[in-house]
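Novice: my_file29.cif is reproduced in full below (mmCIF, C-alpha atoms).
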```cif
data_structure
#
loop_
_atom_site.label_atom_id
_atom_site.label_comp_id
_atom_site.auth_asym_id
_atom_site.auth_seq_id
_atom_site.Cartn_x
_atom_site.Cartn_y
_atom_site.Cartn_z
CA MET R 1 45.27 26.46 -55.13
CA SER R 2 47.99 26.41 -52.50
CA LYS R 3 45.97 23.93 -50.47
CA SER R 4 47.51 20.79 -51.94
CA LYS R 5 50.95 21.69 -50.53
CA SER R 6 49.86 23.22 -47.26
CA ASN R 7 47.48 20.34 -46.49
CA PRO R 8 49.34 17.06 -46.83
CA TYR R 9 46.14 15.03 -46.39
CA LEU R 10 45.08 16.21 -49.84
CA ARG R 11 48.25 14.72 -51.29
CA GLY R 12 47.03 11.15 -50.88
CA ILE R 13 43.66 11.98 -52.42
CA ILE R 14 45.29 13.68 -55.42
CA ASP R 15 47.61 10.71 -55.87
CA THR R 16 44.63 8.34 -55.91
CA PHE R 17 43.08 10.38 -58.71
CA LEU R 18 46.43 10.31 -60.52
CA GLY R 19 46.33 6.54 -60.16
CA VAL R 20 42.87 6.49 -61.74
CA LYS R 21 44.13 8.66 -64.61
CA LEU R 22 47.08 6.34 -65.23
CA LEU R 23 44.88 3.27 -65.00
CA LEU R 24 42.37 4.63 -67.50
CA ARG R 25 45.13 5.21 -70.02
CA SER R 26 46.31 1.63 -69.73
CA ASN R 27 45.21 -1.33 -71.80
CA ILE R 28 44.02 -3.35 -68.81
CA PRO R 29 40.72 -4.87 -69.95
CA HIS R 30 38.89 -4.31 -66.65
CA LYS R 31 40.40 -0.91 -65.93
CA ASN R 32 36.98 0.71 -65.33
CA ARG R 33 36.17 -1.85 -62.69
CA LEU R 34 39.47 -1.17 -60.91
CA ALA R 35 38.94 2.60 -61.28
CA VAL R 36 35.59 2.37 -59.43
CA ILE R 37 37.36 0.71 -56.50
CA LEU R 38 40.09 3.40 -56.49
CA LEU R 39 37.58 6.26 -56.73
CA ASP R 40 35.62 4.87 -53.83
CA SER R 41 38.86 4.71 -51.86
CA ALA R 42 39.56 8.39 -52.70
CA PHE R 43 36.06 9.28 -51.55
CA GLU R 44 36.29 7.46 -48.25
CA THR R 45 39.79 8.84 -47.56
CA ALA R 46 38.48 12.34 -48.31
CA CYS R 47 35.54 11.85 -45.92
CA ARG R 48 37.88 10.89 -43.08
CA ALA R 49 40.29 13.75 -43.87
CA TYR R 50 37.44 16.25 -43.94
CA LEU R 51 35.98 15.14 -40.64
CA THR R 52 39.39 15.01 -38.96
CA TYR R 53 41.07 18.15 -40.30
CA ILE R 54 38.24 20.47 -41.35
CA SER R 55 35.45 19.57 -38.92
CA ASN R 56 37.92 18.69 -36.14
CA ILE R 57 36.00 15.59 -35.18
CA LYS R 58 37.87 12.83 -33.38
CA LEU R 59 37.00 9.72 -35.32
CA SER R 60 36.08 6.72 -33.20
CA ASP R 61 35.79 3.03 -33.94
CA ASN R 62 32.18 3.72 -34.92
CA HIS R 63 33.45 5.71 -37.90
CA LYS R 64 35.10 2.63 -39.31
CA ASN R 65 31.58 1.72 -40.26
CA ARG R 66 30.82 3.23 -43.66
CA ASP R 67 27.22 4.15 -42.81
CA THR R 68 28.26 6.07 -39.69
CA LEU R 69 31.03 7.84 -41.60
CA ILE R 70 28.66 8.95 -44.37
CA LYS R 71 25.97 9.97 -41.90
CA THR R 72 28.47 12.20 -40.08
CA ILE R 73 29.86 13.90 -43.16
CA LYS R 74 26.38 14.30 -44.63
CA SER R 75 25.30 16.26 -41.56
CA LYS R 76 28.32 18.54 -41.97
CA LEU R 77 27.97 19.13 -45.72
CA ASN R 78 24.26 19.86 -45.77
CA GLN R 79 24.55 22.06 -48.88
CA ILE R 80 24.90 18.84 -50.89
CA ASP R 81 21.64 17.38 -52.21
CA ASP R 82 20.47 14.01 -50.91
CA GLY R 83 20.54 12.74 -54.49
CA VAL R 84 24.34 13.00 -54.54
CA TRP R 85 24.71 10.84 -51.41
CA ASN R 86 22.15 8.37 -52.76
CA ASN R 87 24.08 8.22 -56.03
CA ILE R 88 27.38 7.52 -54.25
CA ASP R 89 25.64 4.97 -52.04
CA TYR R 90 24.27 3.23 -55.14
CA TYR R 91 27.75 2.97 -56.67
CA TYR R 92 29.14 1.70 -53.37
CA THR R 93 26.47 -0.88 -52.62
CA ASP R 94 25.47 -2.09 -56.05
CA ILE R 95 28.67 -1.67 -58.02
CA ARG R 96 31.83 -1.18 -55.95
CA CYS R 97 31.12 -3.93 -53.40
CA ASP R 98 30.09 -6.31 -56.12
CA PHE R 99 33.29 -5.54 -58.06
CA TYR R 100 35.50 -5.76 -54.99
CA HIS R 101 34.15 -8.91 -53.40
CA GLN R 102 32.24 -10.89 -55.98
CA SER R 103 32.18 -10.28 -59.72
CA ALA R 104 35.63 -10.30 -61.27
CA GLY R 105 34.12 -10.36 -64.74
CA LYS R 106 31.90 -7.30 -64.51
CA THR R 107 32.77 -3.74 -65.45
CA ILE R 108 31.00 -0.44 -66.22
CA THR R 109 30.92 1.81 -69.28
CA ASP R 110 33.30 4.73 -69.75
CA VAL R 111 30.50 7.29 -69.46
CA THR R 112 29.09 5.79 -66.25
CA LEU R 113 32.56 5.79 -64.73
CA LEU R 114 33.18 9.45 -65.69
CA ASP R 115 29.82 10.46 -64.22
CA TYR R 116 30.69 8.64 -60.99
CA GLN R 117 34.10 10.33 -60.88
CA ASP R 118 32.44 13.72 -61.42
CA THR R 119 30.13 13.11 -58.45
CA ILE R 120 33.01 12.07 -56.18
CA GLU R 121 34.97 15.17 -57.24
CA PHE R 122 31.95 17.36 -56.53
CA VAL R 123 31.76 16.19 -52.90
CA ILE R 124 35.52 16.64 -52.43
CA ASN R 125 35.38 20.15 -53.94
CA GLU R 126 32.54 21.12 -51.63
CA ALA R 127 34.27 19.64 -48.60
CA PHE R 128 37.68 21.24 -49.07
CA ASP R 129 36.70 24.26 -51.18
CA ILE R 130 39.07 23.23 -53.95
CA LYS R 131 38.93 22.21 -57.60
CA ILE R 132 40.33 18.71 -57.34
CA ASP R 133 40.35 18.18 -61.12
CA GLN R 134 42.61 21.22 -61.57
CA LEU R 135 44.96 20.06 -58.82
CA VAL R 136 45.14 16.60 -60.38
CA GLU R 137 45.66 18.10 -63.83
CA ALA R 138 48.54 20.25 -62.59
CA GLU R 139 50.20 17.25 -60.93
CA TRP R 140 49.56 15.19 -64.04
CA THR R 141 51.43 17.76 -66.15
CA ILE R 142 54.42 17.54 -63.83
CA LEU R 143 54.27 13.75 -63.86
CA LYS R 144 54.23 13.77 -67.65
CA LYS R 145 57.32 15.98 -67.73
CA GLU R 146 59.13 13.68 -65.31
CA THR R 147 58.34 10.42 -67.03
CA SER R 148 58.19 9.45 -70.64
CA THR R 149 56.20 6.28 -70.01
CA ILE R 150 52.84 8.04 -70.06
CA GLU R 151 51.02 7.72 -73.34
CA PRO R 152 50.02 10.99 -74.97
CA GLU R 153 46.37 11.86 -74.42
CA SER R 154 44.43 11.42 -77.62
CA LYS R 155 41.74 13.70 -76.23
CA ASN R 156 44.10 16.70 -76.24
CA LYS R 157 43.88 17.77 -79.82
CA TYR R 158 47.02 19.15 -81.41
CA ILE R 159 46.33 22.67 -82.59
CA PRO R 160 48.86 23.93 -85.15
CA LEU R 161 49.82 27.48 -84.19
CA TYR R 162 50.14 28.66 -87.79
CA ARG R 163 46.36 28.35 -88.14
CA ILE R 164 45.76 30.74 -85.27
CA LYS R 165 45.74 34.48 -85.91
CA GLU R 166 45.24 36.07 -82.51
CA THR R 167 48.25 36.33 -80.19
CA LEU R 168 45.99 35.83 -77.17
CA GLU R 169 44.75 32.53 -78.62
CA LYS R 170 48.33 31.41 -79.29
CA ILE R 171 49.20 32.16 -75.67
CA ILE R 172 46.14 30.20 -74.49
CA ILE R 173 47.34 27.16 -76.45
CA ALA R 174 50.90 27.56 -75.15
CA VAL R 175 49.83 27.95 -71.52
CA ASN R 176 47.58 24.90 -71.75
CA TYR R 177 50.36 22.83 -73.27
CA LEU R 178 53.23 24.00 -71.08
CA LYS R 179 51.82 25.19 -67.75
CA PRO R 180 54.78 27.61 -67.84
CA LYS R 181 56.64 29.05 -64.91
CA ALA R 182 57.85 32.04 -66.92
CA PHE R 183 57.22 33.76 -70.23
CA ASP R 184 60.46 32.59 -71.87
CA GLU R 185 59.08 29.02 -71.90
CA ILE R 186 56.31 30.30 -74.15
CA ASN R 187 58.88 31.85 -76.50
CA GLU R 188 60.71 28.51 -76.62
CA PHE R 189 57.41 26.80 -77.48
CA PHE R 190 56.71 29.35 -80.24
CA LYS R 191 60.23 28.78 -81.60
CA LYS R 192 59.74 25.01 -81.61
CA GLU R 193 56.41 25.40 -83.40
CA GLY R 194 57.96 27.63 -86.09
CA GLU R 195 55.99 30.61 -84.84
CA SER R 196 57.59 33.98 -85.58
CA ILE R 197 56.20 36.04 -82.71
CA ARG R 198 58.21 36.44 -79.52
CA LEU R 199 56.89 37.93 -76.33
CA GLU R 200 58.64 40.47 -74.16
CA LYS R 201 58.21 39.86 -70.46
CA LYS R 202 56.12 43.03 -70.27
CA GLU R 203 53.81 41.86 -73.05
CA PHE R 204 53.27 38.48 -71.42
CA ILE R 205 52.49 40.09 -68.08
CA ASN R 206 50.10 42.49 -69.80
CA VAL R 207 48.25 39.68 -71.56
CA VAL R 208 47.89 37.40 -68.53
CA ALA R 209 47.26 40.24 -66.11
CA ARG R 210 44.44 41.50 -68.29
CA ASN R 211 43.03 38.00 -68.57
CA ARG R 212 43.40 36.51 -65.12
CA GLY R 213 40.88 36.02 -62.34
CA SER R 214 37.79 33.88 -62.04
CA LYS R 215 36.09 35.12 -65.20
CA LYS R 216 39.21 35.33 -67.35
CA TYR R 217 41.40 32.90 -69.17
CA PHE R 218 44.43 32.45 -66.91
CA PHE R 219 45.28 31.92 -63.28
CA TYR R 220 48.54 31.58 -61.39
CA ASP R 221 48.80 28.34 -59.43
CA ASN R 222 50.59 29.46 -56.28
CA SER R 223 51.10 25.90 -55.13
CA LEU R 224 52.99 24.78 -58.22
CA LYS R 225 54.20 28.25 -59.25
CA VAL R 226 52.91 27.83 -62.77
CA TRP R 227 50.45 29.57 -65.06
CA ASP R 228 47.39 27.58 -66.08
CA LEU R 229 44.04 28.06 -67.83
CA SER R 230 40.95 28.91 -65.82
CA SER R 231 37.62 27.17 -66.54
CA ILE R 232 36.67 29.93 -68.97
CA GLY R 233 40.14 29.65 -70.49
CA LYS R 234 39.54 25.94 -71.07
CA PHE R 235 36.19 26.67 -72.69
CA LYS R 236 37.91 29.26 -74.91
CA LEU R 237 40.50 26.62 -75.81
CA SER R 238 37.74 24.19 -76.76
CA GLN R 239 36.35 26.88 -79.07
CA ILE R 240 39.78 27.46 -80.62
CA SER R 241 40.26 23.73 -81.16
CA GLY R 242 36.73 23.27 -82.44
CA GLY R 243 35.56 21.22 -79.45
CA THR R 244 32.07 22.63 -79.84
CA ASP R 245 31.78 22.09 -83.57
CA ASN R 246 28.51 21.64 -85.38
CA GLY R 247 27.11 18.27 -86.13
CA LYS R 248 29.42 16.26 -83.96
CA MET V 249 17.71 49.83 -107.23
CA GLU V 250 20.41 47.42 -106.02
CA ASN V 251 22.20 50.29 -104.32
CA ASN V 252 19.57 50.11 -101.63
CA TYR V 253 20.30 46.56 -100.56
CA LYS V 254 22.82 43.78 -100.86
CA LEU V 255 21.99 40.36 -102.30
CA LYS V 256 23.72 37.39 -100.77
CA GLU V 257 21.86 34.10 -100.95
CA LEU V 258 18.88 32.82 -102.84
CA LYS V 259 16.98 29.83 -101.52
CA ILE V 260 14.68 27.92 -103.86
CA ILE V 261 12.57 24.93 -102.92
CA ILE V 262 12.78 22.67 -105.95
CA ARG V 263 10.51 20.03 -104.51
CA PRO V 264 9.43 19.21 -100.98
CA GLY V 265 12.55 18.42 -98.97
CA VAL V 266 14.96 19.63 -101.65
CA GLU V 267 16.20 23.15 -101.18
CA LEU V 268 18.76 24.87 -103.35
CA THR V 269 20.90 27.70 -101.99
CA ALA V 270 22.62 29.92 -104.56
CA ILE V 271 25.10 32.73 -103.97
CA VAL V 272 23.93 35.74 -105.96
CA ASP V 273 25.26 39.25 -106.33
CA SER V 274 22.65 40.88 -108.51
CA ILE V 275 19.11 40.65 -109.87
CA SER V 276 20.54 39.45 -113.17
CA ASP V 277 22.08 36.47 -111.33
CA VAL V 278 18.60 35.63 -110.01
CA THR V 279 17.03 35.95 -113.48
CA LYS V 280 19.74 33.76 -115.00
CA LEU V 281 19.33 31.11 -112.33
CA LEU V 282 15.55 30.97 -112.80
CA GLU V 283 16.03 30.67 -116.57
CA ASP V 284 18.52 27.84 -116.13
CA LEU V 285 16.17 26.01 -113.79
CA LYS V 286 13.36 26.43 -116.28
CA LYS V 287 15.57 24.87 -118.96
CA GLU V 288 16.03 21.89 -116.67
CA ASN V 289 12.23 21.55 -116.36
CA PHE V 290 11.99 23.01 -112.89
CA GLU V 291 9.00 25.05 -113.87
CA SER V 292 6.22 25.02 -111.36
CA VAL V 293 6.82 27.70 -108.86
CA THR V 294 4.27 27.99 -106.14
CA ILE V 295 4.33 30.78 -103.66
CA LYS V 296 3.42 29.55 -100.26
CA PRO V 297 0.98 31.89 -98.54
CA PRO V 298 1.98 32.99 -95.06
CA GLU V 299 0.73 30.59 -92.43
CA LEU V 300 -2.23 31.78 -90.49
CA GLY V 301 -1.43 32.41 -86.89
CA ALA V 302 2.31 32.63 -87.49
CA PRO V 303 3.88 34.53 -84.60
CA PRO V 304 4.54 38.18 -85.30
CA LEU V 305 8.12 39.38 -85.21
CA PRO V 306 9.13 40.58 -81.79
CA PRO V 307 8.72 44.33 -81.31
CA ASN V 308 11.82 46.53 -81.59
CA LEU V 309 13.63 43.75 -83.43
CA ASN V 310 16.97 44.96 -84.70
CA LEU V 311 17.04 43.54 -88.21
CA ASN V 312 20.54 44.85 -88.88
CA ASN V 313 22.22 42.76 -86.26
CA PHE V 314 21.46 39.10 -86.97
CA ASP V 315 25.02 37.90 -86.46
CA ASP V 316 25.06 39.04 -82.88
CA PRO V 317 24.43 36.04 -80.55
CA HIS V 318 22.02 38.05 -78.39
CA SER V 319 19.91 38.97 -81.41
CA LYS V 320 19.84 35.38 -82.63
CA ILE V 321 18.48 34.21 -79.28
CA GLU V 322 16.04 37.09 -78.97
CA LEU V 323 14.71 36.36 -82.46
CA GLN V 324 14.42 32.59 -81.96
CA ALA V 325 12.87 32.91 -78.52
CA SER V 326 10.55 35.78 -79.56
CA LEU V 327 12.02 38.11 -77.00
CA GLN V 328 12.20 41.87 -77.24
CA SER V 329 15.37 43.19 -78.79
CA ASN V 330 18.14 43.90 -76.23
CA SER V 331 16.03 42.36 -73.45
CA LEU V 332 18.72 39.79 -72.52
CA ILE V 333 21.17 42.54 -71.66
CA GLU V 334 18.65 45.02 -70.31
CA LYS V 335 17.26 42.43 -67.90
CA LYS V 336 20.78 41.25 -67.07
CA VAL V 337 20.06 37.64 -68.01
CA LEU V 338 22.72 36.62 -70.50
CA ALA V 339 25.69 38.23 -72.21
CA PHE V 340 28.34 37.09 -74.67
CA LYS V 341 31.92 38.23 -74.47
CA ASP V 342 34.36 36.93 -77.07
CA ASN V 343 31.74 34.32 -77.99
CA ILE V 344 31.58 33.02 -74.43
CA PRO V 345 28.10 33.02 -72.89
CA GLN V 346 27.83 34.28 -69.36
CA LEU V 347 24.77 34.11 -67.12
CA LEU V 348 24.75 37.56 -65.57
CA ARG V 349 22.61 36.64 -62.55
CA PRO V 350 22.64 32.85 -62.14
CA ASN V 351 20.43 33.13 -59.05
CA ILE V 352 17.43 34.47 -61.03
CA PHE V 353 16.74 30.97 -62.34
CA GLY V 354 14.27 28.79 -60.47
CA ASN V 355 16.83 26.02 -60.17
CA THR V 356 20.15 24.87 -61.61
CA THR V 357 18.44 22.82 -64.30
CA GLU V 358 16.90 25.98 -65.74
CA ALA V 359 20.26 27.77 -65.73
CA LEU V 360 21.82 24.80 -67.54
CA LEU V 361 19.10 24.74 -70.18
CA VAL V 362 19.52 28.45 -70.87
CA LEU V 363 23.27 28.00 -71.13
CA LEU V 364 22.84 25.13 -73.58
CA TYR V 365 20.29 27.14 -75.54
CA ALA V 366 22.76 30.04 -75.68
CA ILE V 367 25.39 27.71 -77.14
CA GLU V 368 23.04 26.17 -79.68
CA VAL V 369 21.30 29.31 -80.89
CA GLY V 370 23.65 32.14 -79.93
CA LEU V 371 26.86 30.42 -81.02
CA ASN V 372 25.17 28.19 -83.60
CA LYS V 373 26.78 25.07 -82.12
CA LYS V 374 24.68 21.95 -82.34
CA SER V 375 26.68 20.00 -79.80
CA ILE V 376 29.22 20.47 -77.06
CA GLU V 377 31.56 18.01 -75.39
CA TYR V 378 31.11 17.44 -71.68
CA ASP V 379 34.57 18.76 -70.75
CA ALA V 380 34.08 21.98 -72.70
CA PHE V 381 30.66 22.48 -71.15
CA LYS V 382 32.02 21.75 -67.67
CA SER V 383 34.65 24.44 -68.13
CA LEU V 384 31.95 26.90 -69.12
CA TYR V 385 29.67 25.80 -66.28
CA ASP V 386 32.45 26.12 -63.69
CA GLY V 387 33.05 29.69 -64.84
CA GLN V 388 29.43 30.72 -64.18
CA ASN V 389 29.55 30.58 -60.37
CA ILE V 390 26.31 28.64 -60.25
CA LYS V 391 25.58 27.38 -56.77
CA SER V 392 24.29 23.83 -56.88
CA GLY V 393 23.90 20.96 -54.47
CA SER V 394 24.50 18.40 -57.21
CA SER V 395 27.36 17.47 -59.50
CA LEU V 396 27.17 18.54 -63.14
CA SER V 397 26.98 14.94 -64.34
CA MET V 398 23.94 14.32 -62.13
CA LEU V 399 22.27 17.49 -63.39
CA LEU V 400 22.92 16.44 -66.97
CA ASN V 401 21.57 12.97 -66.28
CA ASN V 402 18.41 14.63 -64.96
CA LEU V 403 18.18 16.62 -68.21
CA LYS V 404 18.73 13.39 -70.12
CA ASN V 405 16.00 11.57 -68.20
CA SER V 406 13.62 14.48 -68.81
CA GLN V 407 14.49 14.20 -72.53
CA TYR V 408 15.88 17.75 -72.62
CA ILE V 409 19.22 16.51 -73.96
CA ASP V 410 19.85 13.67 -76.38
CA LYS V 411 20.21 10.39 -74.49
CA ASN V 412 22.11 8.51 -77.19
CA THR V 413 24.88 11.05 -77.70
CA TYR V 414 25.31 11.60 -73.97
CA ASP V 415 25.48 7.88 -73.22
CA LYS V 416 27.88 7.31 -76.09
CA ASP V 417 30.61 9.81 -75.23
CA ARG V 418 28.99 12.55 -73.13
CA THR V 419 28.33 14.80 -76.10
CA ILE V 420 25.55 17.21 -75.13
CA ILE V 421 22.86 18.08 -77.68
CA LEU V 422 19.63 19.86 -76.80
CA THR V 423 16.53 18.04 -77.97
CA ALA V 424 13.61 19.95 -79.49
CA LYS V 425 11.89 19.60 -76.14
CA GLY V 426 14.96 21.01 -74.38
CA ALA V 427 15.20 23.96 -76.76
CA GLN V 428 11.51 24.70 -76.26
CA LYS V 429 11.99 24.57 -72.50
CA GLY V 430 14.93 26.97 -72.84
CA VAL V 431 12.67 29.41 -74.72
CA GLU V 432 9.98 29.08 -72.04
CA ILE V 433 12.46 29.78 -69.24
CA LEU V 434 13.87 32.83 -71.01
CA ASN V 435 10.40 34.22 -71.64
CA ILE V 436 9.39 33.77 -68.02
CA ILE V 437 12.57 35.43 -66.76
CA ILE V 438 12.40 38.35 -69.18
CA LYS V 439 8.77 39.02 -68.29
CA LYS V 440 9.45 38.92 -64.53
#
```
Here is the file; what I need is its structure written in the form of structure tokens.

Specialist:
Amino acid sequence: MSKSKSNPYLRGIIDTFLGVKLLLRSNIPHKNRLAVILLDSAFETACRAYLTYISNIKLSDNHKNRDTLIKTIKSKLNQIDDGVWNNIDYYYTDIRCDFYHQSAGKTITDVTLLDYQDTIEFVINEAFDIKIDQLVEAEWTILKKETSTIEPESKNKYIPLYRIKETLEKIIIAVNYLKPKAFDEINEFFKKEGESIRLEKKEFINVVARNRGSKKYFFYDNSLKVWDLSSIGKFKLSQISGGTDNGK
Amino acid sequence: MENNYKLKELKIIIRPGVELTAIVDSISDVTKLLEDLKKENFESVTIKPPELGAPPLPPNLNLNNFDDPHSKIELQASLQSNSLIEKKVLAFKDNIPQLLRPNIFGNTTEALLVLLYAIEVGLNKKSIEYDAFKSLYDGQNIKSGSSLSMLLNNLKNSQYIDKNTYDKDRTIILTAKGAQKGVEILNIIIKK
């Protein structure tokens, strides 16, 4: 997780994803169309960064050609299925180029766009051994704190703490909401929510220490110096908030 | 007599497609309910004979533990009791399914189907949002050469997950065909 700070070339890629996130929350009618163009830019930038800084290949004029660039990175990342490259190629040839050069009126559905984004993120994760969505999410949280112009995300359901019984579950909600640097931020959150429990530093450390690591709920983001939820923690949160309810 | 068991629910088929579920505490509750139904002209009670060729209950089935997600899956998939844990296939901790050896599956698609089957049957959840499922998937350490969205689109194209709900907002629901495939995969792995 410290890679985003130690490797400045990731900064530009993360910022492009932040741009996509901002764009998708806007009311611009053709935002999906513009997002495809931005995502393709993130992908191509990532390809060049990978070849230059990870594979230590000196890029030549030949690599300005998209086909050559993809062919080179494909040979380096051979753990990725051909289907993924074909999928990205399809979006580039049939959708992105059409959007960029020809059809100003066309766009794609939300689901198709999210699937495309997921595929781009997959290649970037494999290339740099990171979780780009978590890095973007962490930066997004900071951005939200710094600016009040970002609309609240309707997807993040508000979970009233008084409905939750388990202290661990309350901490999961607080950590997801705050991305705290220290335990006292969680106490402030509890206070604001009218929650009576307060954590001692020792208790907080006990809870997160017992529940950290790849198969647990929390992890410490060394790059941003904040606590966040792991993948399993996010799944647990979705269970707490009813994200996997019946009959949806 | 009632000291030997506990009554909870009574299900009565009033007519085809109409099923009544009543909460009962005692035999007298059952008698009273049947009398009341009779008064309302629900008289003809036919006892359906057991279907020929119905599958026998799995051996060593633990009938006392139906609420346990493992037992639910073992019952539905006709697996031996405790086989999921004994064979180190699937475990639940705090209601979170975990594939214990993701590499025992023939491919990632099979691992995904078992995970979805575990959610549907073990946790009794009929659907799951993409983001929630992605979080769960990421925590499984499954090695795959494809992105999750591509794998799910493959499942969609094979009619293992519902196309309409996925295309609408990426809600994932196993189809009957998908659930059956999940059962097949589990049976093959357990018998290995």

Novice: Can you pull out the residues contacting Leu237 (chain R)? Cut-off 9 Å, using only C-alpha atoms, and skip same-chain residues under 3 positions away; I want them as a list in words.

Specialist: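 Non-adjacent residues within range: Glu169, Ile172, Ile173, Asn176, Leu229, Ile232, Gly233, Lys234, Ile240, Ser241, Gly242 and Gly243 of chain R; Ala380 of chain V.
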
Novice: Define the interface residues of chain R facing chain V as those within 10 Å, counting all atoms listed in the file, and report them as JSON, numbers by chain.

Specialist: {"R": [77, 78, 79, 80, 81, 82, 83, 84, 85, 87, 109, 110, 111, 112, 114, 115, 116, 117, 118, 119, 120, 121, 122, 123, 126, 131, 214, 215, 216, 217, 230, 231, 232, 233, 234, 235, 236, 237, 238, 239, 242, 243, 244, 245, 246, 247, 248]}

Novice: Could the residues in this selection be saved with C-alpha atoms as a short mmCIF file (atom, residue, chain, number, x, y, z; two decimals), keeping the file's coordinate frame?

Specialist:
```cif
data_model
loop_
_atom_site.label_atom_id
_atom_site.label_comp_id
_atom_site.auth_asym_id
_atom_site.auth_seq_id
_atom_site.Cartn_x
_atom_site.Cartn_y
_atom_site.Cartn_z
CA LEU R 77 27.97 19.13 -45.72
CA ASN R 78 24.26 19.86 -45.77
CA GLN R 79 24.55 22.06 -48.88
CA ILE R 80 24.90 18.84 -50.89
CA ASP R 81 21.64 17.38 -52.21
CA ASP R 82 20.47 14.01 -50.91
CA GLY R 83 20.54 12.74 -54.49
CA VAL R 84 24.34 13.00 -54.54
CA TRP R 85 24.71 10.84 -51.41
CA ASN R 87 24.08 8.22 -56.03
CA THR R 109 30.92 1.81 -69.28
CA ASP R 110 33.30 4.73 -69.75
CA VAL R 111 30.50 7.29 -69.46
CA THR R 112 29.09 5.79 -66.25
CA LEU R 114 33.18 9.45 -65.69
CA ASP R 115 29.82 10.46 -64.22
CA TYR R 116 30.69 8.64 -60.99
CA GLN R 117 34.10 10.33 -60.88
CA ASP R 118 32.44 13.72 -61.42
CA THR R 119 30.13 13.11 -58.45
CA ILE R 120 33.01 12.07 -56.18
CA GLU R 121 34.97 15.17 -57.24
CA PHE R 122 31.95 17.36 -56.53
CA VAL R 123 31.76 16.19 -52.90
CA GLU R 126 32.54 21.12 -51.63
CA LYS R 131 38.93 22.21 -57.60
CA SER R 214 37.79 33.88 -62.04
CA LYS R 215 36.09 35.12 -65.20
CA LYS R 216 39.21 35.33 -67.35
CA TYR R 217 41.40 32.90 -69.17
CA SER R 230 40.95 28.91 -65.82
CA SER R 231 37.62 27.17 -66.54
CA ILE R 232 36.67 29.93 -68.97
CA GLY R 233 40.14 29.65 -70.49
CA LYS R 234 39.54 25.94 -71.07
CA PHE R 235 36.19 26.67 -72.69
CA LYS R 236 37.91 29.26 -74.91
CA LEU R 237 40.50 26.62 -75.81
CA SER R 238 37.74 24.19 -76.76
CA GLN R 239 36.35 26.88 -79.07
CA GLY R 242 36.73 23.27 -82.44
CA GLY R 243 35.56 21.22 -79.45
CA THR R 244 32.07 22.63 -79.84
CA ASP R 245 31.78 22.09 -83.57
CA ASN R 246 28.51 21.64 -85.38
CA GLY R 247 27.11 18.27 -86.13
CA LYS R 248 29.42 16.26 -83.96
#
```

Novice: Which residues fall under the PyMOL selection byres ((chain R and resi 170) around 12) in this file, as a PyMOL selection string?

Specialist: chain R and resi 159-169+171-177+186-187+189-190+193+195-199+204+207+236-237+240-241

Novice: Could you tell me which residues the PyMOL selection byres ((chain V and resi 361) around 10) grabs in this file, written as a ChimeraX atom specification?

Specialist: /V:356-360,362-367,400,403,408-409,422,426-431,433-434

Novice: Exactly which residues make up the result of the PyMOL selection byres ((chain V and resi 273) around 9) on this file, given as a ChimeraX atom specification?

Specialist: /V:254-257,271-272,274-278

Novice: May I have the residues from that selection written out with C-alpha atoms, as an mmCIF file, in the coordinates of the input?

Specialist:
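To be explicit, this is the file written out as part-v8.cif:
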```
data_model
loop_
_atom_site.group_PDB
_atom_site.id
_atom_site.type_symbol
_atom_site.label_atom_id
_atom_site.label_comp_id
_atom_site.auth_asym_id
_atom_site.auth_seq_id
_atom_site.Cartn_x
_atom_site.Cartn_y
_atom_site.Cartn_z
ATOM 1 C CA LYS V 254 22.820 43.780 -100.860
ATOM 2 C CA LEU V 255 21.990 40.360 -102.300
ATOM 3 C CA LYS V 256 23.720 37.390 -100.770
ATOM 4 C CA GLU V 257 21.860 34.100 -100.950
ATOM 5 C CA ILE V 271 25.100 32.730 -103.970
ATOM 6 C CA VAL V 272 23.930 35.740 -105.960
ATOM 7 C CA SER V 274 22.650 40.880 -108.510
ATOM 8 C CA ILE V 275 19.110 40.650 -109.870
ATOM 9 C CA SER V 276 20.540 39.450 -113.170
ATOM 10 C CA ASP V 277 22.080 36.470 -111.330
ATOM 11 C CA VAL V 278 18.600 35.630 -110.010
#
```

Novice: How many Å lie between CA of Asn330 (chain V) and CA of Pro317 (chain V), rounded to one decimal?

Specialist: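 Here the two named atoms are 11.0 Å from each other.
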
Novice: Between R:Phe218, R:Asp89, R:Cys47, R:Tyr53, which is the closest to Leu69 (chain R) once you count all atoms listed in the file?

Specialist: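 That would be R:Cys47, the residue with the smallest distance to Leu69 (chain R).
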
Novice: Between CA of Asn27 (chain R) and CA of Ile13 (chain R), what is the spacing in Å?

Specialist: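 Taking CA of Ile13 (chain R) as the start and CA of Asn27 (chain R) as the end point, the length is 23.6 Å.
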
Novice: Go ahead and compute the interatomic distance for CA of Lys425 (chain V) and CA of Asn405 (chain V), in Å to one decimal.

Specialist: 12.0 Å

Novice: Might you pull out every residue within 12 Å of Lys58 (chain R), with only C-alpha atoms counted and same-chain residues fewer than 5 positions away left off, and present them as a VMD selection string?

Specialist: chain R and resid 48 to 53 63 69 72

Novice: Save out the residues we just selected, C-alpha atoms, as a short mmCIF file (atom, residue, chain, number, x, y, z; two decimals), in the coordinates of the input.

Specialist:
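Produced file selection-v7.cif, reproduced below:
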```cif
data_model
loop_
_atom_site.label_atom_id
_atom_site.label_comp_id
_atom_site.auth_asym_id
_atom_site.auth_seq_id
_atom_site.Cartn_x
_atom_site.Cartn_y
_atom_site.Cartn_z
CA ARG R 48 37.88 10.89 -43.08
CA ALA R 49 40.29 13.75 -43.87
CA TYR R 50 37.44 16.25 -43.94
CA LEU R 51 35.98 15.14 -40.64
CA THR R 52 39.39 15.01 -38.96
CA TYR R 53 41.07 18.15 -40.30
CA HIS R 63 33.45 5.71 -37.90
CA LEU R 69 31.03 7.84 -41.60
CA THR R 72 28.47 12.20 -40.08
#
```
